>>> print(open('protein_39.json').read())   # JSON, C-alpha atoms
[["chain", "number", "residue", "atom", "x", "y", "z"],
["A", 1, "MET", "CA", -17.87, -9.06, -4.86],
["A", 2, "SER", "CA", -14.86, -8.52, -7.05],
["A", 3, "VAL", "CA", -13.48, -5.17, -8.13],
["A", 4, "ASN", "CA", -14.70, -5.92, -11.67],
["A", 5, "GLU", "CA", -18.32, -6.04, -10.50],
["A", 6, "ILE", "CA", -18.40, -2.66, -8.77],
["A", 7, "ASP", "CA", -20.44, 0.10, -10.38],
["A", 8, "ALA", "CA", -22.66, 2.98, -9.30],
["A", 9, "SER", "CA", -25.78, 0.81, -9.30],
["A", 10, "ALA", "CA", -24.28, -1.54, -6.71],
["A", 11, "GLN", "CA", -24.30, 1.00, -3.87],
["A", 12, "THR", "CA", -27.13, -0.75, -2.03],
["A", 13, "ASP", "CA", -25.10, -3.97, -1.77],
["A", 14, "ALA", "CA", -23.23, -4.23, 1.55],
["A", 15, "ASP", "CA", -20.13, -5.53, -0.23],
["A", 16, "ALA", "CA", -20.12, -2.87, -2.95],
["A", 17, "MET", "CA", -17.92, -0.27, -1.19],
["A", 18, "LEU", "CA", -14.35, -0.80, -2.25],
["A", 19, "LEU", "CA", -11.71, 0.06, 0.36],
["A", 20, "SER", "CA", -8.10, 0.34, -0.70],
["A", 21, "THR", "CA", -4.90, 1.42, 1.00],
["A", 22, "MET", "CA", -3.61, 2.34, -2.47],
["A", 23, "ASN", "CA", -3.92, 5.85, -3.92],
["A", 24, "ASP", "CA", -5.38, 4.58, -7.19],
["A", 25, "LEU", "CA", -7.20, 1.52, -8.50],
["A", 26, "PRO", "CA", -5.81, -0.40, -11.45],
["A", 27, "GLY", "CA", -8.52, -0.79, -14.07],
["A", 28, "TYR", "CA", -10.54, 2.14, -12.75],
["A", 29, "GLU", "CA", -10.54, 5.86, -13.27],
["A", 30, "VAL", "CA", -11.33, 8.24, -10.42],
["A", 31, "VAL", "CA", -14.03, 10.48, -11.88],
["A", 32, "GLU", "CA", -14.73, 12.55, -8.78],
["A", 33, "VAL", "CA", -13.00, 13.13, -5.46],
["A", 34, "LEU", "CA", -15.58, 13.64, -2.73],
["A", 35, "GLY", "CA", -13.17, 14.36, 0.10],
["A", 36, "GLU", "CA", -12.08, 12.91, 3.39],
["A", 37, "VAL", "CA", -14.29, 10.41, 5.19],
["A", 38, "PHE", "CA", -13.77, 8.73, 8.52],
["A", 39, "GLY", "CA", -15.24, 6.36, 11.05],
["A", 40, "LEU", "CA", -14.47, 6.68, 14.72],
["A", 41, "THR", "CA", -15.02, 4.59, 17.82],
["A", 42, "VAL", "CA", -13.80, 4.93, 21.39],
["A", 43, "ARG", "CA", -13.84, 1.91, 23.64],
["A", 44, "SER", "CA", -13.17, 1.65, 27.35],
["A", 45, "ARG", "CA", -11.34, -1.37, 28.65],
["A", 46, "ASN", "CA", -13.34, -3.62, 30.88],
["A", 47, "LEU", "CA", -12.13, -4.62, 34.33],
["A", 48, "GLY", "CA", -11.68, -8.26, 33.36],
["A", 49, "SER", "CA", -9.37, -7.51, 30.45],
["A", 50, "GLN", "CA", -7.38, -5.04, 32.54],
["A", 51, "LEU", "CA", -6.84, -7.62, 35.29],
["A", 52, "GLY", "CA", -5.94, -10.26, 32.71],
["A", 53, "ALA", "CA", -3.51, -7.86, 31.05],
["A", 54, "GLY", "CA", -1.84, -7.15, 34.39],
["A", 55, "ILE", "CA", -1.32, -10.85, 35.07],
["A", 56, "LYS", "CA", -0.16, -11.57, 31.49],
["A", 57, "SER", "CA", 2.36, -8.72, 31.68],
["A", 58, "MET", "CA", 4.11, -10.59, 34.50],
["A", 59, "PHE", "CA", 4.35, -13.87, 32.58],
["A", 60, "GLY", "CA", 4.14, -12.83, 28.92],
["A", 61, "GLY", "CA", 1.76, -13.93, 26.21],
["A", 62, "GLU", "CA", -1.03, -12.54, 24.09],
["A", 63, "LEU", "CA", -3.59, -10.31, 25.76],
["A", 64, "LYS", "CA", -6.59, -11.97, 24.11],
["A", 65, "GLY", "CA", -9.21, -9.69, 25.69],
["A", 66, "MET", "CA", -7.34, -6.61, 24.47],
["A", 67, "THR", "CA", -6.78, -8.15, 21.03],
["A", 68, "LYS", "CA", -10.51, -8.81, 20.68],
["A", 69, "MET", "CA", -11.37, -5.29, 21.80],
["A", 70, "LEU", "CA", -9.00, -3.73, 19.26],
["A", 71, "TYR", "CA", -10.18, -6.04, 16.47],
["A", 72, "ASP", "CA", -13.83, -5.23, 17.18],
["A", 73, "SER", "CA", -12.98, -1.52, 17.35],
["A", 74, "ARG", "CA", -11.31, -1.57, 13.93],
["A", 75, "ILE", "CA", -14.28, -3.36, 12.38],
["A", 76, "GLU", "CA", -16.67, -0.84, 13.92],
["A", 77, "ALA", "CA", -14.57, 2.14, 12.77],
["A", 78, "GLN", "CA", -14.33, 0.67, 9.26],
["A", 79, "GLN", "CA", -18.11, 0.16, 9.07],
["A", 80, "ARG", "CA", -18.64, 3.77, 10.12],
["A", 81, "LEU", "CA", -16.16, 4.87, 7.44],
["A", 82, "ILE", "CA", -18.19, 2.96, 4.84],
["A", 83, "GLU", "CA", -21.43, 4.57, 6.08],
["A", 84, "HIS", "CA", -19.86, 8.03, 5.84],
["A", 85, "ALA", "CA", -18.57, 7.33, 2.32],
["A", 86, "ARG", "CA", -22.00, 6.06, 1.21],
["A", 87, "GLU", "CA", -23.63, 9.22, 2.57],
["A", 88, "ARG", "CA", -21.28, 11.21, 0.32],
["A", 89, "GLY", "CA", -22.18, 9.07, -2.70],
["A", 90, "ALA", "CA", -18.81, 7.31, -2.99],
["A", 91, "HIS", "CA", -18.09, 4.08, -4.85],
["A", 92, "ALA", "CA", -14.73, 3.59, -3.12],
["A", 93, "VAL", "CA", -12.41, 4.87, -0.40],
["A", 94, "LEU", "CA", -8.76, 5.28, -1.37],
["A", 95, "ALA", "CA", -5.68, 5.68, 0.84],
["A", 96, "MET", "CA", -7.57, 4.09, 3.74],
["A", 97, "ARG", "CA", -5.68, 4.02, 7.02],
["A", 98, "PHE", "CA", -6.25, 3.36, 10.70],
["A", 99, "ASP", "CA", -5.11, 5.60, 13.52],
["A", 100, "ALA", "CA", -5.20, 4.69, 17.21],
["A", 101, "ASN", "CA", -4.78, 6.67, 20.41],
["A", 102, "ASP", "CA", -4.68, 5.49, 23.99],
["A", 103, "PHE", "CA", -6.51, 7.40, 26.71],
["A", 104, "GLY", "CA", -4.20, 6.92, 29.67],
["A", 105, "GLY", "CA", -4.89, 3.21, 29.98],
["A", 106, "ASP", "CA", -8.65, 3.77, 30.31],
["A", 107, "GLY", "CA", -9.61, 3.36, 26.69],
["A", 108, "GLN", "CA", -8.67, 3.33, 23.05],
["A", 109, "GLU", "CA", -9.74, 5.52, 20.14],
["A", 110, "ILE", "CA", -9.68, 3.94, 16.69],
["A", 111, "CYS", "CA", -10.20, 6.01, 13.56],
["A", 112, "ALA", "CA", -10.49, 4.63, 10.02],
["A", 113, "TYR", "CA", -10.05, 7.34, 7.38],
["A", 114, "GLY", "CA", -9.46, 7.84, 3.70],
["A", 115, "THR", "CA", -10.57, 9.69, 0.57],
["A", 116, "ALA", "CA", -14.06, 9.06, -0.80],
["A", 117, "VAL", "CA", -14.17, 8.83, -4.59],
["A", 118, "ARG", "CA", -16.46, 7.92, -7.44],
["A", 119, "ILE", "CA", -14.89, 5.52, -9.91],
["A", 120, "ARG", "CA", -15.51, 4.23, -13.40],
["A", 121, "LYS", "CA", -14.26, 0.99, -14.88],
["A", 122, "LEU", "CA", -11.83, 1.50, -17.76]]
>>> encode(input="protein_39.json", output="structure tokens")
Amino acid sequence: MSVNEIDASAQTDADAMLLSTMNDLPGYEVVEVLGEVFGLTVRSRNLGSQLGAGIKSMFGGELKGMTKMLYDSRIEAQQRLIEHARERGAHAVLAMRFDANDFGGDGQEICAYGTAVRIRKL
């Protein structure tokens, strides 16, 4: 769904939530700021990926198991962000960012956050 098709009636459509790393949306007016929203996930590393990472660190190369875990974690955090924004009645999330923290090698926290807003096409 394109930005031009987004309106308040489209909130039931899975693609209707607009996420932007920008602070504004060209062609749209922010009509209400609903506040901060976030989505959070914490994942533990599995034994297989830890062993693979240890071996790869000796020889170099991509840690594919870890890459997949982090990718999946970002998607999950982003989906939770969208759910939180929908609960607040948002049409879009502006200034969206990701934050990540490591838990001493045992796991990874990923947080997607931003500002929930209602928008109107100009």
>>> atom_distance(input="protein_39.json", atom1="atom CA of Arg86 of chain A", atom2="atom CA of Ile119 of chain A")
13.2 Å
>>> closest_residue(input="protein_39.json", among="A:Glu109, A:Glu62, A:Glu76, A:Glu87", to="Gly35 of chain A", atoms="all atoms listed in the file")
A:Glu87
>>> residues_around(input="protein_39.json", residues="Val37 of chain A", least_positions_apart="4", cutoff="9 Å", atoms="all atoms listed in the file", output="ChimeraX atom specification")
/A:81-82,84-85,88,93,112-116
>>> closest_atom_pairs(input="protein_39.json", of="segment 72-95 of chain A", to="segment 23-30 of chain A", cutoff="10 Å", atoms="only C-alpha atoms", output="CSV")
residue,atom,partner,partner_atom,distance
A:His91,CA,A:Val30,CA,9.7
A:Ala92,CA,A:Val30,CA,9.3
A:Val93,CA,A:Asn23,CA,9.2
A:Leu94,CA,A:Asn23,CA,5.5
A:Ala95,CA,A:Asn23,CA,5.1
>>> residues_near_point(input="protein_39.json", point="(-14.8, 0.7, 20.7)", cutoff="6 Å", atoms="all atoms listed in the file", output="ChimeraX atom specification")
/A:41-43,73
